[in-house]
Each structure stands twice: as C-alpha cells, then as structure tokens.
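> So here's input-v5.txt (compact mmCIF, C-alpha atoms).
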# COMPACT_ATOMS: atom_id res chain seq x y z
CA MET A 157 198.06 45.37 31.84
CA ILE A 158 201.41 46.04 33.54
CA LEU A 159 201.83 45.71 37.30
CA VAL A 160 204.52 47.96 38.80
CA THR A 161 205.48 47.00 42.35
CA GLY A 162 207.09 49.88 44.21
CA GLY A 163 205.62 52.29 41.68
CA ALA A 164 205.33 55.08 44.25
CA GLY A 165 209.09 55.10 44.72
CA TYR A 166 211.87 56.92 42.86
CA ILE A 167 212.70 54.70 39.89
CA GLY A 168 209.30 53.01 39.86
CA SER A 169 207.37 56.27 39.49
CA HIS A 170 209.56 57.46 36.61
CA THR A 171 209.01 54.13 34.88
CA VAL A 172 205.25 54.52 35.36
CA VAL A 173 205.46 57.88 33.56
CA ASN A 174 207.31 56.22 30.68
CA LEU A 175 204.68 53.47 30.48
CA LEU A 176 201.84 56.02 30.50
CA ASN A 177 203.56 58.00 27.75
CA ASN A 178 203.57 54.78 25.70
CA ASN A 179 199.84 54.16 26.24
CA ASN A 180 200.12 51.23 28.64
CA ASP A 181 197.54 50.26 31.25
CA VAL A 182 199.27 50.35 34.64
CA VAL A 183 198.52 49.10 38.14
CA VAL A 184 200.82 50.43 40.87
CA PHE A 185 201.28 48.27 43.99
CA ASP A 186 203.09 49.91 46.92
CA ASN A 187 202.97 49.78 50.71
CA LEU A 188 203.98 53.48 50.89
CA GLU A 189 206.68 52.69 53.45
CA ASN A 190 209.29 54.36 51.24
CA GLY A 191 207.02 55.57 48.44
CA HIS A 192 204.66 58.52 48.80
CA ILE A 193 200.95 58.96 48.24
CA GLU A 194 201.77 62.42 46.85
CA THR A 195 203.68 60.68 44.06
CA ILE A 196 200.67 58.49 43.30
CA ASN A 197 198.47 61.57 43.15
CA THR A 198 200.89 63.24 40.75
CA LEU A 199 201.00 60.14 38.54
CA LYS A 200 197.20 60.26 38.35
CA THR A 201 197.45 63.76 36.85
CA ILE A 202 199.80 62.45 34.14
CA GLY A 203 197.67 59.51 33.05
CA HIS A 204 195.22 56.88 34.23
CA ILE A 205 196.65 54.42 36.74
CA GLU A 206 195.13 52.01 39.22
CA PHE A 207 196.66 52.10 42.69
CA GLU A 208 196.55 49.22 45.15
CA LYS A 209 198.12 49.64 48.56
CA GLY A 210 199.67 46.45 49.86
CA ASP A 211 202.78 44.65 51.01
CA LEU A 212 204.48 41.76 49.25
CA ARG A 213 205.22 40.17 52.62
CA ASN A 214 201.44 39.58 52.86
CA ILE A 215 200.62 37.20 50.04
CA GLU A 216 196.92 38.02 50.42
CA ASP A 217 197.65 41.60 49.33
CA ILE A 218 199.26 40.59 46.05
CA GLU A 219 196.68 37.82 45.49
CA ARG A 220 193.99 40.51 45.70
CA VAL A 221 195.63 42.44 42.86
CA PHE A 222 195.96 39.43 40.55
CA SER A 223 192.37 38.43 41.24
CA LYS A 224 191.13 41.92 40.43
CA TYR A 225 193.18 42.62 37.27
CA LYS A 226 194.45 40.59 34.31
CA ILE A 227 198.18 41.20 34.67
CA ASP A 228 200.29 40.43 31.59
CA VAL A 229 203.73 41.48 32.84
CA VAL A 230 205.27 42.70 36.10
CA ILE A 231 207.99 45.28 36.69
CA HIS A 232 209.30 44.62 40.17
CA PHE A 233 210.90 47.51 42.07
CA ALA A 234 209.52 47.01 45.59
CA ALA A 235 212.53 46.60 47.88
CA PHE A 236 214.52 48.16 50.70
CA ALA A 237 217.79 49.53 49.38
CA LEU A 238 219.99 50.97 52.15
CA VAL A 239 223.26 49.05 52.34
CA GLU A 240 224.19 50.24 55.84
CA GLU A 241 220.75 49.45 57.21
CA SER A 242 220.88 45.99 55.66
CA VAL A 243 224.07 45.24 57.58
CA LYS A 244 222.43 46.27 60.84
CA ASN A 245 219.09 44.58 60.14
CA PRO A 246 219.51 41.80 57.57
CA ALA A 247 216.24 40.11 58.55
CA LYS A 248 214.29 43.12 57.26
CA TYR A 249 215.98 42.82 53.86
CA TYR A 250 215.65 39.08 53.43
CA ARG A 251 212.00 39.10 54.52
CA ASN A 252 211.04 41.95 52.24
CA ASN A 253 213.36 41.75 49.24
CA THR A 254 213.69 37.98 48.96
CA PHE A 255 210.68 36.42 50.69
CA GLY A 256 208.38 39.17 49.38
CA THR A 257 209.55 38.45 45.84
CA LEU A 258 208.83 34.74 46.32
CA ASN A 259 205.25 35.66 47.23
CA LEU A 260 205.04 37.73 44.06
CA LEU A 261 206.48 35.01 41.80
CA ASP A 262 204.25 32.29 43.25
CA THR A 263 201.16 34.46 42.81
CA MET A 264 202.20 35.22 39.23
CA LEU A 265 202.46 31.49 38.49
CA LYS A 266 199.08 30.84 40.05
CA HIS A 267 197.53 33.39 37.67
CA ASP A 268 199.56 32.29 34.63
CA CYS A 269 201.60 35.51 34.45
CA LYS A 270 205.10 34.50 33.36
CA LYS A 271 206.92 37.70 32.41
CA ILE A 272 208.78 39.93 34.85
CA VAL A 273 211.39 42.71 34.73
CA PHE A 274 213.44 42.79 37.93
CA SER A 275 215.15 45.80 39.48
CA SER A 276 218.55 44.42 40.50
CA THR A 277 221.81 46.15 41.30
CA CYS A 278 225.54 46.26 40.67
CA ALA A 279 225.82 45.55 44.43
CA THR A 280 225.44 41.86 43.51
CA TYR A 281 229.00 41.94 42.12
CA GLY A 282 230.65 42.79 45.43
CA ASP A 283 234.39 43.48 45.39
CA LEU A 284 235.53 43.94 41.82
CA ASN A 285 238.08 41.95 39.86
CA TYR A 286 238.02 44.44 36.97
CA ILE A 287 236.30 47.54 35.59
CA PRO A 288 234.31 48.35 33.59
CA VAL A 289 232.06 45.61 34.99
CA ASP A 290 230.27 43.34 32.53
CA GLU A 291 227.47 40.87 33.19
CA LYS A 292 229.92 37.96 33.37
CA HIS A 293 231.79 39.41 36.36
CA PRO A 294 231.61 37.01 39.34
CA GLN A 295 228.88 37.84 41.84
CA ASN A 296 229.91 37.89 45.47
CA PRO A 297 227.80 40.52 47.26
CA ILE A 298 229.25 41.95 50.45
CA SER A 299 226.05 43.30 52.06
CA PRO A 300 222.71 41.72 52.94
CA TYR A 301 221.11 44.19 50.50
CA GLY A 302 223.26 42.89 47.65
CA SER A 303 222.72 39.31 48.78
CA SER A 304 218.93 39.74 48.91
CA LYS A 305 218.95 40.89 45.28
CA TYR A 306 221.41 38.18 44.21
CA MET A 307 219.17 35.51 45.76
CA VAL A 308 216.22 36.80 43.75
CA GLU A 309 218.27 36.65 40.57
CA ARG A 310 219.06 32.97 41.24
CA ILE A 311 215.42 32.24 42.12
CA MET A 312 214.27 33.79 38.85
CA GLN A 313 216.73 31.69 36.87
CA ASP A 314 215.45 28.57 38.63
CA TYR A 315 211.82 29.60 38.04
CA ASP A 316 212.58 29.93 34.34
CA LYS A 317 214.01 26.40 34.16
CA ALA A 318 211.27 24.82 36.26
CA TYR A 319 208.17 26.82 35.36
CA GLY A 320 208.99 28.74 32.19
CA MET A 321 208.80 32.15 33.88
CA LYS A 322 210.77 34.62 31.77
CA SER A 323 212.66 37.43 33.47
CA ILE A 324 214.77 40.39 32.46
CA ILE A 325 217.21 41.28 35.23
CA LEU A 326 218.46 44.86 35.10
CA ARG A 327 221.53 45.58 37.22
CA TYR A 328 221.58 49.32 37.86
CA PHE A 329 224.57 51.44 38.62
CA ASN A 330 224.11 54.87 40.30
CA VAL A 331 220.79 56.47 39.35
CA ALA A 332 220.40 60.24 39.10
CA GLY A 333 218.05 62.96 37.93
CA SER A 334 214.32 63.56 37.92
CA ASP A 335 211.36 63.95 35.61
CA GLU A 336 212.26 66.73 33.14
CA PHE A 337 209.17 68.73 34.14
CA GLY A 338 209.95 68.55 37.87
CA ARG A 339 206.72 66.69 38.67
CA ILE A 340 208.33 63.74 40.44
CA GLY A 341 211.85 63.15 41.69
CA GLU A 342 214.17 61.52 44.17
CA TRP A 343 212.47 61.59 47.57
CA HIS A 344 214.08 59.37 50.19
CA GLU A 345 213.90 59.64 53.96
CA PRO A 346 216.68 59.55 54.93
CA GLU A 347 218.42 60.65 51.74
CA THR A 348 221.69 58.77 51.21
CA HIS A 349 222.47 59.50 47.55
CA LEU A 350 225.18 61.89 46.46
CA ILE A 351 223.46 64.36 44.11
CA PRO A 352 220.32 65.14 46.17
CA ASN A 353 222.48 65.52 49.27
CA ILE A 354 224.72 68.04 47.49
CA LEU A 355 221.65 69.96 46.30
CA LYS A 356 219.98 69.85 49.71
CA SER A 357 223.06 71.63 51.12
CA ILE A 358 221.89 74.70 49.20
CA PHE A 359 218.54 74.81 50.97
CA ASP A 360 219.88 74.12 54.47
CA LYS A 361 222.31 76.82 55.56
CA ASP A 362 223.40 74.78 58.57
CA LYS A 363 224.34 71.78 56.45
CA LYS A 364 227.71 71.15 54.86
CA PHE A 365 228.20 68.55 52.17
CA LYS A 366 230.85 66.01 53.12
CA ILE A 367 233.25 64.43 50.64
CA PHE A 368 234.33 61.14 52.20
CA GLY A 369 237.96 60.78 51.21
CA ASN A 370 240.09 62.71 48.73
CA ASP A 371 243.07 60.38 48.76
CA TYR A 372 241.87 57.60 46.45
CA ASN A 373 243.99 56.54 43.49
CA THR A 374 241.86 58.50 41.03
CA PRO A 375 242.66 61.64 39.00
CA ASP A 376 241.29 64.02 41.66
CA GLY A 377 241.48 61.70 44.67
CA THR A 378 237.70 61.15 45.05
CA CYS A 379 235.62 58.05 44.29
CA ILE A 380 234.36 57.40 40.76
CA ARG A 381 230.86 56.13 39.97
CA ASP A 382 228.63 55.60 36.92
CA TYR A 383 225.54 57.88 37.01
CA VAL A 384 222.66 56.80 34.78
CA ASN A 385 219.72 59.16 34.30
CA VAL A 386 216.46 57.93 35.82
CA GLU A 387 214.43 58.69 32.67
CA ASP A 388 216.95 56.77 30.57
CA LEU A 389 216.68 53.94 33.08
CA ALA A 390 212.88 54.01 32.78
CA GLU A 391 213.26 53.59 29.03
CA ALA A 392 215.39 50.49 29.65
CA HIS A 393 212.39 48.93 31.43
CA LYS A 394 210.11 49.65 28.49
CA LEU A 395 212.62 48.07 26.11
CA ALA A 396 212.91 45.07 28.45
CA ILE A 397 209.15 44.51 28.20
CA ASP A 398 209.32 44.83 24.42
CA TYR A 399 212.07 42.19 24.42
CA LEU A 400 210.07 39.83 26.66
CA ASN A 401 207.00 40.16 24.46
CA LYS A 402 208.98 39.61 21.26
CA GLU A 403 211.59 37.03 22.27
CA ASN A 404 209.91 35.38 25.29
CA LYS A 405 213.25 34.53 26.88
CA SER A 406 215.18 35.57 29.97
CA ASN A 407 218.24 37.79 29.96
CA ILE A 408 220.45 39.94 32.19
CA PHE A 409 221.70 43.46 31.48
CA ASN A 410 223.82 46.09 33.16
CA VAL A 411 222.31 49.58 32.94
CA GLY A 412 224.98 52.27 33.10
CA THR A 413 226.59 54.96 30.97
CA GLU A 414 230.07 53.34 30.82
CA ASN A 415 231.43 56.70 31.99
CA GLY A 416 232.75 57.26 35.47
CA ASN A 417 232.50 60.60 37.23
CA SER A 418 234.25 61.46 40.47
CA VAL A 419 232.55 62.90 43.52
CA LYS A 420 234.41 66.17 42.94
CA GLU A 421 233.25 66.30 39.31
CA VAL A 422 229.66 65.79 40.44
CA PHE A 423 230.09 68.51 43.06
CA ASP A 424 231.54 70.93 40.51
CA ILE A 425 228.65 70.33 38.08
CA CYS A 426 226.16 70.91 40.91
CA SER A 427 227.86 74.24 41.63
CA GLU A 428 227.71 75.14 37.94
CA VAL A 429 224.04 74.18 37.50
CA THR A 430 222.88 75.98 40.65
CA ASN A 431 225.31 78.89 40.26
CA LYS A 432 225.92 78.73 44.00
CA ASP A 433 228.85 78.18 46.31
CA ILE A 434 227.95 74.96 48.10
CA PRO A 435 229.52 74.51 51.56
CA VAL A 436 231.75 71.44 51.62
CA GLU A 437 234.14 69.69 53.96
CA ILE A 438 236.52 66.81 53.42
CA ALA A 439 235.96 63.86 55.76
CA SER A 440 237.80 60.57 56.12
CA ARG A 441 237.01 57.61 53.90
CA ARG A 442 233.96 55.51 54.68
CA SER A 443 234.47 51.83 55.26
CA GLY A 444 233.57 49.74 52.23
CA ASP A 445 233.58 52.53 49.62
CA MET A 446 235.10 51.26 46.38
CA GLU A 447 237.59 53.45 44.57
CA ALA A 448 235.86 53.19 41.20
CA LEU A 449 232.79 51.48 39.79
CA TYR A 450 231.37 51.83 36.30
CA ALA A 451 229.58 49.61 33.82
CA ASN A 452 230.30 47.83 30.62
CA ALA A 453 226.88 48.37 29.01
CA ASN A 454 227.65 46.97 25.58
CA LYS A 455 225.17 44.11 25.96
CA ILE A 456 222.09 46.25 26.61
CA LYS A 457 223.09 48.57 23.77
CA THR A 458 223.49 45.66 21.36
CA VAL A 459 220.54 43.48 22.39
CA LEU A 460 217.90 46.01 23.49
CA GLY A 461 219.10 49.01 21.51
CA TRP A 462 219.23 51.09 24.68
CA HIS A 463 221.53 54.11 24.75
CA PRO A 464 221.75 56.81 27.43
CA GLN A 465 220.32 60.06 26.06
CA ARG A 466 221.03 62.44 28.93
CA THR A 467 224.31 63.74 30.34
CA LEU A 468 225.25 64.00 34.00
CA LYS A 469 224.62 67.75 33.75
CA ASP A 470 221.12 66.99 32.43
CA SER A 471 220.52 64.72 35.43
CA ILE A 472 221.72 67.32 37.91
CA SER A 473 219.67 70.07 36.23
CA SER A 474 216.46 68.04 36.46
CA ALA A 475 217.25 67.00 40.04
CA TYR A 476 217.72 70.67 40.96
CA LYS A 477 214.38 71.57 39.38
CA TRP A 478 212.73 68.88 41.52
CA GLU A 479 214.44 70.09 44.70
CA GLN A 480 213.31 73.66 43.97
CA ASN A 481 209.73 72.51 43.42
CA HIS A 482 209.76 70.15 46.39
CA PHE A 483 211.30 72.49 48.96
Show the structure stored in the file as structure tokens.


Amino acid sequence: MILVTGGAGYIGSHTVVNLLNNNNDVVVFDNLENGHIETINTLKTIGHIEFEKGDLRNIEDIERVFSKYKIDVVIHFAAFALVEESVKNPAKYYRNNTFGTLNLLDTMLKHDCKKIVFSSTCATYGDLNYIPVDEKHPQNPISPYGSSKYMVERIMQDYDKAYGMKSIILRYFNVAGSDEFGRIGEWHEPETHLIPNILKSIFDKDKKFKIFGNDYNTPDGTCIRDYVNVEDLAEAHKLAIDYLNKENKSNIFNVGTENGNSVKEVFDICSEVTNKDIPVEIASRRSGDMEALYANANKIKTVLGWHPQRTLKDSISSAYKWEQNHF
C-alpha cells in the first residue's frame, strides 16, 4: 500500500490518479489546510482510496495511519510552498515542512517502512551559477521555503546512511496543467502561479494580469522558466517507486522539460488556447525574480526512463478546461 501525504493538493492528487490508474492501493493523508475535501471526493469517483485527515506536526496522527495500514512506500508532498510567506513566517515552514517530515520519517522507521519519494524543489539551488541546472549544482537556498526542503534532503541522506531508509528526491521546476479530463486541477488560495492567474483574468473582468518586468536580458525581455506538465510529473513519481522497488537505493533527480519559456510566450499561448484578449499590464520587476531558470533533466531520462509527453500548450489547454469546470 502507498501512503500519499498531501494527496488532496495539486501535485499529490494528480499523482494519486496515476497510482490508481496503475492499480495501486492508496491511502491519502492530508490536513486539508491547502488541499480540498472536494478533491478527495473526486478521487473516490476515479478509484478506491482510503482518506485519513491528519497533520504531520502531530505525530499521533501519522502513527494512527501506520498502525491502521501496512504501508510499503510513502510519497511525501505535504508542505507549505509560498516563498514570500516563508520569508515573513519562517517558523511556519520549518515546523511543518521540516519538523513534520521528521515525524513522518521516525514513524516510518518504527513501522519498518524504509522507502520514500520526496517532493523537493529547484528552490534548493538558490542563486544560479549556470543553466541549465543539473543535480550537481551547489545548493544555497535563499528563502526559508527552499531551506526547509533542503534540510529534509540532508536528513533523508543521513537517514539512509544511519538507518537504511531509501529515498528518491525529485526537484521540481515550474509545474503546470491539470488532469486531461478536467476532474482535478490547480486550486490554490491564494493563487500565485503564472498560468492559472493568466486564465483567471478571463473570468474576472475587473482583473488585469501583470507581467512583472519586461526588461530582462532575454529574447523578449520577460523571465524564462521551465514548465513541466503535472501529469508528466505524476508519472515521474510512479517511475521513482518502480526504481525504489527494483534497485532499493537512494537517488536525486531534477524533473523539468529542459526547455525554457518566457512569461510573454506563456501569455501568448494562453491567448491562443482561450481565443480571448486577456487584459495585461506591465509592472516593475519583483525582488528576487531570476532572469532564467530551466533544468538539465538528462539524469532522470537516463536512469528512470522518464520523458515529458505533453507540451506547454497541452498544459495550458488542460488548465483552461479545469478553470472552465471549476468556475
């Protein structure tokens, strides 16, 4: 049985769908602070899942799950993920993302569960020395969010050496898109991600989409990022479990497309997909925004056989279908 922490959230729920499609038994653990019970209810229409409400900061909650079910492997998504919020309230991020993970790992050891796939982030790299970014790039996170994830990575490496707990660390780049059938999608409150915010501008006539800076040293002056489709990302988690079960060893992988797209390119594709004129205004640069960030994903392609199957236009099309269904 596979335990998915944070399975009511964006990436977690899409991974649950992938696991169900591959005939896995799944337990979802979520405190519903950022996830949604509506998502759980939708997942239950797709396949059989067990749902346990709880919080990793309360070790009794996760102990209850391991006592009730025989968990073979964990996919760990449960975390807060707003960079700006983490700067203002670092205690929240260290208590939840780092301390909460320690509770999870210690409970896993107690119940002899020694395989975990961890949802990490390219934010652990911090300011970049080069792009595309490979897994050997120095890690020097510049936000408490990035630091909270980096600390967990180090803890997992130490737990492997000391206790034989095997982990696959997946460092995501920018995630986009929704379930192809529009059943689940990106649902954050507040929404901070580029593509859903562009699409939401269509449904709110009083809202203009802001491009923060058009004077970067890029072909069109706007920032460049690597957008990986959420269903492709879910497949990476399945392949990570396959690798753990076959090889029984730890590893670290970037998950990205290796292609950078600018904010203006994303905006133009959104206009094309929706066939609408989206109101936009140019604002000044935001502090801390990097000019360009995209992955070297050769390692995950070579070792896990993972390859992105969907284009950025595919991601935006599915995201638009979700927004239409949701609003």

> Would you mind reading off the distance between CA of Asp424 in chain A and CA of Leu350 in chain A, one decimal, in Å?

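Separation between CA of Asp424 in chain A and CA of Leu350 in chain A: 12.6 Å.
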
> With only C-alpha atoms as the counted atoms, please give the residues lying no more than 7 Å from range 322-338 of chain A, apart from itself and same-chain residues fewer than 3 positions off, as a count of residues only.

38

> Write out as a list in words the residues lying within 6 Å of Met157 in chain A, counting only C-alpha atoms and excluding same-chain residues fewer than 3 positions away.

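So, after excluding close chain neighbours, the residues are Asp181, Val182, Ile227 and Asp228 of chain A.
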
> Would you mind telling me which residue in A:Cys379, A:Leu468, A:Ile358, A:Ile425 lies nearest to Gln480 in chain A when using only C-alpha atoms?

A:Ile358

> If I take CA of Ser357 in chain A and CA of Val172 in chain A, how far is one from the other in Å, to one decimal?

29.3 Å

> Quick one: distance from CA of Ile215 in chain A to CA of Leu260 in chain A in Å, one decimal?

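If I compute the distance from CA of Ile215 in chain A to CA of Leu260 in chain A, I get 7.5 Å.
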
> Measuring atom to atom with only C-alpha atoms, identify which of A:Asn214, A:Asn452, A:Gly461, A:Lys364 is nearest to Asp433 in chain A.

A:Lys364

> For Ile298 in chain A, which residue out of A:Phe255, A:Phe368, A:Tyr281, A:Tyr225 is the nearest one, using all atoms listed in the file?

A:Tyr281

> Pick the closest to Phe365 in chain A from A:Ile311, A:Ile380, A:Ile434, A:Leu389: which is it, counting only C-alpha atoms?

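The shortest atom-to-atom distance to Phe365 in chain A comes from A:Ile434.
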
> Go through A:Gly203, A:Gly444, A:Pro464, A:Pro435 one by one, measure the shortest atom-to-atom distance of each to Glu391 in chain A using only C-alpha atoms, and give the residue with the smallest value.

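For Glu391 in chain A, the nearest of the candidates is A:Pro464.
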
> Show which residues sit within 9 Å of range 234-243 of chain A, as a VMD selection string. Count only C-alpha atoms, and ignore same-chain residues fewer than 3 positions away.

chain A and resid 160 to 163 165 168 185 to 187 190 211 to 212 246 to 250 252 to 254 256 to 257 275 299 to 302 305 348

> Measuring atom to atom with only C-alpha atoms, identify which of A:Leu284, A:Ile456, A:Ile351, A:Leu265 is nearest to Thr413 in chain A.

A:Ile456
